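Dropping target27.cif in here (mmCIF, C-alpha atoms and all ligand atoms):
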```cif
data_coords
#
loop_
_atom_site.label_atom_id
_atom_site.label_comp_id
_atom_site.auth_asym_id
_atom_site.auth_seq_id
_atom_site.Cartn_x
_atom_site.Cartn_y
_atom_site.Cartn_z
CA MET A 53 76.44 55.60 192.29
CA SER A 54 76.30 58.81 190.28
CA GLU A 55 77.44 61.99 191.98
CA HIS A 56 74.07 63.45 190.97
CA SER A 57 72.15 60.81 192.93
CA GLY A 58 71.63 63.06 195.90
CA HIS A 59 74.75 62.04 197.85
CA THR A 60 76.81 65.07 196.88
CA ALA A 61 75.53 68.61 197.13
CA HIS A 62 75.47 70.40 193.77
CA ASN A 63 75.48 74.09 193.12
CA ALA A 64 72.30 74.32 191.03
CA ARG A 65 70.27 72.60 193.78
CA VAL A 66 71.86 74.44 196.72
CA TRP A 67 71.31 77.74 194.89
CA ASN A 68 67.68 76.70 194.47
CA TYR A 69 67.52 76.02 198.23
CA TRP A 70 68.96 79.46 199.07
CA LEU A 71 66.40 81.03 196.70
CA GLY A 72 63.57 79.31 198.58
CA GLY A 73 62.85 76.72 195.84
CA LYS A 74 61.84 73.07 196.24
CA ASP A 75 64.16 71.32 193.77
CA HIS A 76 66.89 70.04 196.07
CA TYR A 77 67.81 67.01 198.19
CA ALA A 78 68.51 66.74 201.91
CA VAL A 79 72.26 66.83 201.25
CA ASP A 80 71.90 70.17 199.43
CA GLN A 81 69.94 71.59 202.34
CA GLN A 82 72.57 70.38 204.84
CA VAL A 83 75.47 71.88 202.90
CA GLY A 84 73.43 75.03 202.22
CA ASP A 85 72.75 75.45 205.95
CA GLN A 86 76.42 74.86 206.85
CA VAL A 87 77.50 77.52 204.35
CA THR A 88 74.88 79.90 205.75
CA SER A 89 76.20 79.33 209.28
CA MET A 90 79.68 80.46 208.12
CA TYR A 91 78.55 83.11 205.66
CA PRO A 92 75.12 84.31 206.81
CA SER A 93 74.48 86.66 203.88
CA ILE A 94 74.64 83.93 201.18
CA GLY A 95 70.82 83.85 200.90
CA GLN A 96 70.83 87.63 200.34
CA VAL A 97 73.54 87.18 197.71
CA ALA A 98 71.41 84.62 195.82
CA ARG A 99 68.31 86.82 195.92
CA ALA A 100 70.27 89.94 194.98
CA ASP A 101 71.79 88.10 192.04
CA ARG A 102 68.34 87.15 190.70
CA GLU A 103 67.03 90.69 191.22
CA PHE A 104 70.06 91.99 189.30
CA LEU A 105 69.19 89.55 186.50
CA GLY A 106 65.68 91.01 186.38
CA ARG A 107 66.86 94.63 186.25
CA ALA A 108 69.59 93.90 183.69
CA VAL A 109 67.28 91.95 181.35
CA ARG A 110 64.54 94.60 181.66
CA HIS A 111 67.06 97.26 180.68
CA LEU A 112 68.42 95.22 177.78
CA ALA A 113 65.03 94.16 176.36
CA GLY A 114 63.62 97.65 176.97
CA GLU A 115 65.87 100.68 176.50
CA ALA A 116 68.70 98.78 174.79
CA GLY A 117 66.42 96.95 172.33
CA ILE A 118 68.14 93.55 172.70
CA ARG A 119 66.13 90.62 171.35
CA GLN A 120 68.56 87.72 171.83
CA PHE A 121 69.93 86.31 175.09
CA LEU A 122 72.48 83.53 175.70
CA ASP A 123 72.16 82.67 179.41
CA ILE A 124 75.04 80.37 180.42
CA GLY A 125 74.88 78.75 183.88
CA THR A 126 71.11 79.19 183.96
CA GLY A 127 70.39 77.29 187.17
CA LEU A 128 67.13 75.55 188.01
CA PRO A 129 63.98 77.27 186.80
CA THR A 130 62.76 79.78 189.36
CA ALA A 131 60.59 82.86 189.40
CA GLU A 132 61.41 85.43 186.73
CA ASN A 133 63.56 83.39 184.41
CA THR A 134 65.33 85.34 181.67
CA HIS A 135 62.76 84.61 178.92
CA GLU A 136 59.85 85.60 181.17
CA VAL A 137 61.43 88.95 182.00
CA ALA A 138 62.53 89.63 178.41
CA GLN A 139 59.35 88.46 176.66
CA ARG A 140 57.13 90.53 178.93
CA ILE A 141 58.80 93.54 177.34
CA ALA A 142 59.64 92.06 173.93
CA PRO A 143 57.47 89.02 173.08
CA ASP A 144 59.75 88.27 170.12
CA ALA A 145 62.83 87.83 172.35
CA ARG A 146 64.82 84.64 171.75
CA VAL A 147 66.58 83.02 174.70
CA VAL A 148 69.04 80.12 174.79
CA TYR A 149 69.75 78.61 178.19
CA VAL A 150 72.89 76.58 178.94
CA ASP A 151 73.81 74.53 182.00
CA ASN A 152 75.78 71.32 182.54
CA ASP A 153 73.93 70.00 185.59
CA PRO A 154 71.68 66.99 184.79
CA ILE A 155 69.10 68.18 187.31
CA VAL A 156 68.75 71.47 185.42
CA LEU A 157 68.32 69.47 182.20
CA ALA A 158 65.61 67.40 183.91
CA HIS A 159 63.69 70.58 184.79
CA ALA A 160 64.42 72.42 181.56
CA ARG A 161 60.86 72.05 180.23
CA ALA A 162 59.85 74.85 182.62
CA LEU A 163 62.29 77.12 180.76
CA LEU A 164 60.81 76.33 177.38
CA THR A 165 57.53 78.19 177.73
CA SER A 166 58.19 80.81 175.08
CA SER A 167 55.73 83.37 173.81
CA PRO A 168 54.56 82.37 170.30
CA GLU A 169 56.47 85.30 168.75
CA GLY A 170 59.77 84.44 170.43
CA ALA A 171 61.75 81.28 171.13
CA THR A 172 63.52 79.53 173.98
CA SER A 173 65.82 76.56 173.94
CA TYR A 174 68.03 74.70 176.36
CA ILE A 175 71.52 73.35 175.69
CA ASP A 176 73.07 70.75 178.00
CA ALA A 177 76.70 71.91 177.68
CA ASP A 178 79.77 72.86 179.65
CA ALA A 179 81.00 76.45 179.83
CA HIS A 180 84.54 75.11 179.43
CA ASP A 181 83.60 74.49 175.77
CA PRO A 182 82.27 77.80 174.41
CA ASP A 183 82.63 76.63 170.79
CA ALA A 184 80.13 73.82 171.38
CA ILE A 185 77.75 76.31 173.02
CA LEU A 186 78.04 78.75 170.13
CA ARG A 187 77.49 76.00 167.54
CA SER A 188 74.27 74.79 169.20
CA ALA A 189 73.01 78.29 170.05
CA ALA A 190 73.22 79.23 166.35
CA ASP A 191 70.08 77.11 165.77
CA ILE A 192 68.07 79.74 167.65
CA LEU A 193 70.20 82.89 167.75
CA ASP A 194 71.31 84.98 164.78
CA PHE A 195 74.94 85.87 165.50
CA GLU A 196 74.78 88.66 162.92
CA ARG A 197 72.47 90.54 165.30
CA PRO A 198 73.20 91.73 168.87
CA VAL A 199 73.14 89.14 171.64
CA ALA A 200 73.29 89.61 175.41
CA VAL A 201 75.77 87.04 176.74
CA MET A 202 74.83 86.34 180.35
CA LEU A 203 77.35 84.79 182.74
CA LEU A 204 75.69 85.09 186.15
CA GLY A 205 77.40 83.28 188.98
CA ILE A 206 79.24 80.90 186.66
CA LEU A 207 82.78 82.17 185.98
CA ASN A 208 83.41 81.46 189.67
CA PHE A 209 83.31 77.77 188.67
CA ILE A 210 86.04 78.28 186.05
CA LEU A 211 88.88 78.20 188.53
CA ASP A 212 91.68 79.23 186.20
CA THR A 213 91.46 82.97 185.50
CA GLU A 214 93.25 82.69 182.16
CA GLU A 215 90.77 80.05 181.01
CA ALA A 216 87.80 82.11 182.30
CA THR A 217 89.13 85.11 180.38
CA ALA A 218 89.56 83.04 177.22
CA ILE A 219 85.96 81.78 177.51
CA VAL A 220 84.62 85.32 177.86
CA ARG A 221 86.73 86.48 174.89
CA ARG A 222 85.52 83.60 172.70
CA LEU A 223 81.87 84.39 173.49
CA VAL A 224 82.27 88.14 173.05
CA ASP A 225 84.19 87.69 169.79
CA ALA A 226 81.26 85.65 168.43
CA VAL A 227 78.71 88.46 168.82
CA PRO A 228 78.50 91.70 166.83
CA SER A 229 78.92 95.32 167.90
CA GLY A 230 75.94 96.43 170.00
CA SER A 231 75.92 93.13 171.92
CA TYR A 232 76.23 93.02 175.70
CA LEU A 233 78.07 91.06 178.39
CA VAL A 234 76.16 90.64 181.68
CA LEU A 235 78.13 89.18 184.57
CA THR A 236 77.92 88.52 188.29
CA HIS A 237 80.74 87.06 190.35
CA PRO A 238 81.39 86.44 194.06
CA THR A 239 84.20 88.30 195.78
CA LEU A 240 85.87 88.50 199.17
CA GLU A 241 85.60 92.29 198.86
CA LEU A 242 82.38 94.23 199.56
CA GLY A 243 82.01 92.72 203.03
CA GLY A 244 82.40 89.05 202.10
CA GLU A 245 83.71 88.09 205.53
CA GLY A 246 83.05 84.44 206.28
CA ASN A 247 83.06 83.57 202.60
CA THR A 248 86.66 82.30 202.62
CA GLU A 249 85.76 79.67 205.21
CA ALA A 250 82.44 78.94 203.49
CA MET A 251 84.10 78.42 200.10
CA ALA A 252 86.73 76.08 201.63
CA PHE A 253 83.89 74.10 203.20
CA TRP A 254 82.05 74.07 199.86
CA ASN A 255 85.11 72.83 197.99
CA ALA A 256 85.56 69.96 200.46
CA ASN A 257 81.90 68.93 200.46
CA ALA A 258 80.11 69.96 197.27
CA LYS A 259 80.45 70.35 193.51
CA PRO A 260 81.64 72.01 191.40
CA PRO A 261 84.55 73.76 193.18
CA ILE A 262 84.28 77.53 193.42
CA THR A 263 86.59 80.55 193.62
CA ALA A 264 86.11 84.21 194.48
CA ARG A 265 87.83 87.01 192.54
CA THR A 266 88.81 90.59 193.26
CA GLY A 267 86.98 93.52 191.72
CA ALA A 268 90.05 94.16 189.54
CA GLU A 269 90.05 90.58 188.24
CA ILE A 270 86.32 90.71 187.53
CA ALA A 271 86.62 94.12 185.84
CA ALA A 272 89.24 92.63 183.49
CA PHE A 273 86.57 90.28 182.06
CA PHE A 274 85.02 93.44 180.57
CA ASP A 275 88.23 94.60 178.84
CA GLY A 276 87.45 96.06 175.42
CA LEU A 277 83.78 96.62 176.33
CA ASP A 278 82.00 99.72 177.62
CA LEU A 279 80.55 99.17 181.09
CA ILE A 280 77.25 101.01 181.29
CA PRO A 281 76.51 103.08 184.43
CA PRO A 282 76.91 102.50 187.31
CA GLY A 283 79.77 100.21 186.24
CA LEU A 284 80.92 97.21 188.25
CA VAL A 285 79.25 97.40 191.68
CA SER A 286 77.68 95.15 194.27
CA CYS A 287 74.94 93.50 192.17
CA SER A 288 72.32 94.54 194.74
CA ARG A 289 73.13 98.19 193.97
CA TRP A 290 73.19 97.98 190.19
CA ARG A 291 70.38 100.32 189.09
CA ALA A 292 68.42 99.49 192.21
CA ASP A 293 65.65 101.95 192.99
CA ALA A 294 66.70 103.39 196.29
CA THR A 295 65.16 106.20 198.17
CA PRO A 296 67.88 108.23 199.90
CA GLY A 297 68.66 106.65 203.25
CA HIS A 298 67.24 103.30 202.08
CA GLU A 299 69.99 102.11 199.76
CA SER A 300 69.86 98.38 199.20
CA LEU A 301 72.17 96.24 201.28
CA GLN A 302 75.58 95.68 199.72
CA VAL A 303 76.30 92.02 198.95
CA ALA A 304 79.69 90.44 198.19
CA GLN A 305 78.82 89.72 194.58
CA PHE A 306 79.91 92.08 191.81
CA GLY A 307 77.55 92.74 188.92
CA GLY A 308 78.04 94.65 185.70
CA VAL A 309 76.65 95.11 182.20
CA ALA A 310 78.81 96.22 179.27
CA ARG A 311 78.20 96.97 175.60
CA LYS A 312 80.46 95.78 172.82
CA PRO A 313 81.48 98.89 170.86
C1 LIG B 1 75.16 80.05 191.16
S1 LIG B 1 74.17 79.24 189.95
C2 LIG B 1 73.60 80.67 189.07
C3 LIG B 1 72.29 80.45 188.38
C4 LIG B 1 71.77 81.68 187.63
N1 LIG B 1 72.68 82.08 186.55
C5 LIG B 1 71.58 82.82 188.58
O1 LIG B 1 72.34 83.79 188.49
O2 LIG B 1 70.67 82.75 189.40
C6 LIG B 1 75.43 78.58 188.84
C7 LIG B 1 74.92 77.62 187.75
O3 LIG B 1 76.04 77.36 186.88
C8 LIG B 1 76.02 76.00 186.52
N2 LIG B 1 77.39 75.60 186.15
C9 LIG B 1 78.47 75.46 186.96
N3 LIG B 1 79.55 75.11 186.25
C10 LIG B 1 79.15 75.01 184.95
C11 LIG B 1 79.81 74.69 183.74
N4 LIG B 1 81.11 74.38 183.71
N5 LIG B 1 79.10 74.70 182.60
C12 LIG B 1 77.77 75.01 182.60
N6 LIG B 1 77.09 75.33 183.72
C13 LIG B 1 77.77 75.33 184.89
C14 LIG B 1 75.52 75.28 187.76
O4 LIG B 1 74.99 74.01 187.42
C15 LIG B 1 74.46 76.26 188.26
O5 LIG B 1 73.21 75.97 187.74
#
```
Would you mind giving the structure from this file in structure tokens?
Ligand SMILES: C[S@@+](CC[C@H](N)C(=O)[O-])C[C@H]1O[C@@H](n2cnc3c(N)ncnc32)[C@H](O)[C@@H]1O
Amino acid sequence: MSEHSGHTAHNARVWNYWLGGKDHYAVDQQVGDQVTSMYPSIGQVARADREFLGRAVRHLAGEAGIRQFLDIGTGLPTAENTHEVAQRIAPDARVVYVDNDPIVLAHARALLTSSPEGATSYIDADAHDPDAILRSAADILDFERPVAVMLLGILNFILDTEEATAIVRRLVDAVPSGSYLVLTHPTLELGGEGNTEAMAFWNANAKPPITARTGAEIAAFFDGLDLIPPGLVSCSRWRADATPGHESLQVAQFGGVARKP
């Protein structure tokens, strides 16, 4: 029986459950609930991550004038997918989505609703093989023009930090000056108590295995790039509109956006 048959919880579906979606099996819900019992803020982390995606893409498509997005580790379609956010501002935006989960592939049609002026496509590929991703993405993206490389909640599934760094370097080397790297990553800092236990439970019961990293390790992914203000912060606080005294809740997930000089 395939591990995608519904007998093993998978990240894309559990993430969908935490986001309030419907595309998951009972096993995903059970594992999702167990994680929540150990690490109660995980639902807030998932929502904050998506809200960060919205703010980052609005900034990039708007002020920064970016028209090409390579969104690796896309997840199941949900509200406010990257192309919807970008094309609302720039109808000619071109977006390539990449994930390696068959259930995401099965739902990918919902990600392929481009505006007529722009384009979207979906690549079924593994982040461990950035060369394959870059080769396929070149059908839609012009790598002579700036690209926003988006790695939201995915480097945490590349367990070896040297390999994760090499993947980021390969992707960033493939895009020209004026491109951006957008990244979120879980951490045990920023009040991530309970997450150690929750991640150990995840690794024993679900796929793929996950790791947290320190702020210093995550900052190193941006080496050679210029982090735009406010830098690497809890993703819930990255350019969040906050009235004094009502700052958004800090979540244990770093988020940052950097420009390639
Ligand atoms: C935590 S979800 C994040 C989804 C979305 N980027 C977001 O921020 O809401 C991580 C996604 O990465 C995908 N993923 C995990 N490992 C991967 C790999 N090696 N290659 C491609 N995708 C992967 C999972 O299938 C899942 O859909």
* Quick one, how far is atom CA of Arg99 of chain A from atom CA of Trp70 of chain A? ->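 Value for the atom CA of Arg99 of chain A-atom CA of Trp70 of chain A distance: 8.0 Å.
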* Asked: If we count only C-alpha atoms, what is near segment 298-305 of chain A at a cut-off of 7 Å, once residues fewer than 5 positions away on the same chain are taken out, given as a list in words?
  ->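 Counting only the stated atoms, we get Val97, Thr236, His237, Pro238, Thr239, Leu240, Glu241, Leu242, Gly243, Gly244, Ser286, Cys287, Ser288 and Arg289 of chain A.
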Just the residues within 7 Å of segment 114-131 of chain A, please, counting all atoms listed in the file, with nothing from its chain fewer than 6 positions along; format it as a PDB file with C-alpha atoms, in the coordinates of the input.
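Okay, result15.pdb is ready:
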```pdb
ATOM      1  CA  ALA A  64      72.300  74.320 191.030  1.00  0.00           C
ATOM      2  CA  ASN A  68      67.680  76.700 194.470  1.00  0.00           C
ATOM      3  CA  ILE A 141      58.800  93.540 177.340  1.00  0.00           C
ATOM      4  CA  ASP A 144      59.750  88.270 170.120  1.00  0.00           C
ATOM      5  CA  ALA A 145      62.830  87.830 172.350  1.00  0.00           C
ATOM      6  CA  ARG A 146      64.820  84.640 171.750  1.00  0.00           C
ATOM      7  CA  VAL A 147      66.580  83.020 174.700  1.00  0.00           C
ATOM      8  CA  VAL A 148      69.040  80.120 174.790  1.00  0.00           C
ATOM      9  CA  TYR A 149      69.750  78.610 178.190  1.00  0.00           C
ATOM     10  CA  VAL A 150      72.890  76.580 178.940  1.00  0.00           C
ATOM     11  CA  ASP A 151      73.810  74.530 182.000  1.00  0.00           C
ATOM     12  CA  VAL A 156      68.750  71.470 185.420  1.00  0.00           C
ATOM     13  CA  HIS A 159      63.690  70.580 184.790  1.00  0.00           C
ATOM     14  CA  ALA A 162      59.850  74.850 182.620  1.00  0.00           C
ATOM     15  CA  LEU A 163      62.290  77.120 180.760  1.00  0.00           C
ATOM     16  CA  LEU A 193      70.200  82.890 167.750  1.00  0.00           C
ATOM     17  CA  PRO A 198      73.200  91.730 168.870  1.00  0.00           C
ATOM     18  CA  VAL A 199      73.140  89.140 171.640  1.00  0.00           C
ATOM     19  CA  ALA A 200      73.290  89.610 175.410  1.00  0.00           C
ATOM     20  CA  VAL A 201      75.770  87.040 176.740  1.00  0.00           C
ATOM     21  CA  MET A 202      74.830  86.340 180.350  1.00  0.00           C
ATOM     22  CA  LEU A 203      77.350  84.790 182.740  1.00  0.00           C
ATOM     23  CA  LEU A 204      75.690  85.090 186.150  1.00  0.00           C
ATOM     24  CA  ILE A 206      79.240  80.900 186.660  1.00  0.00           C
TER      25      ILE A 206
END
```
* Go through A:Leu211, A:Ala179, A:Ala184, A:Ala189 and flag the residue nearest ligand LIG 1 (chain B), using all atoms listed in the file for the distances. => A:Ala179
If you take every atom of ligand LIG 1 (chain B) that the file lists and fit an axis-aligned box around them with 4 Å extra on each side, what centre and edge lengths come out in Å to one decimal, as JSON?
```
{"center_x": 75.9, "center_y": 78.9, "center_z": 186.9, "size_x": 18.4, "size_y": 17.8, "size_z": 16.6}
```
* Quick one: of A:Asn63, A:Asn255, A:Thr213, A:Ser229, who's nearest to ligand LIG 1 (chain B), counting all atoms listed in the file? ->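 Closest residue, counting all atoms listed in the file: A:Asn63.
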* To do: Give me the residues within 9 Å of Leu279 of chain A as a ChimeraX atom specification, counting all atoms listed in the file and dropping any in the same chain fewer than 6 places off.
  => /A:233,308-312
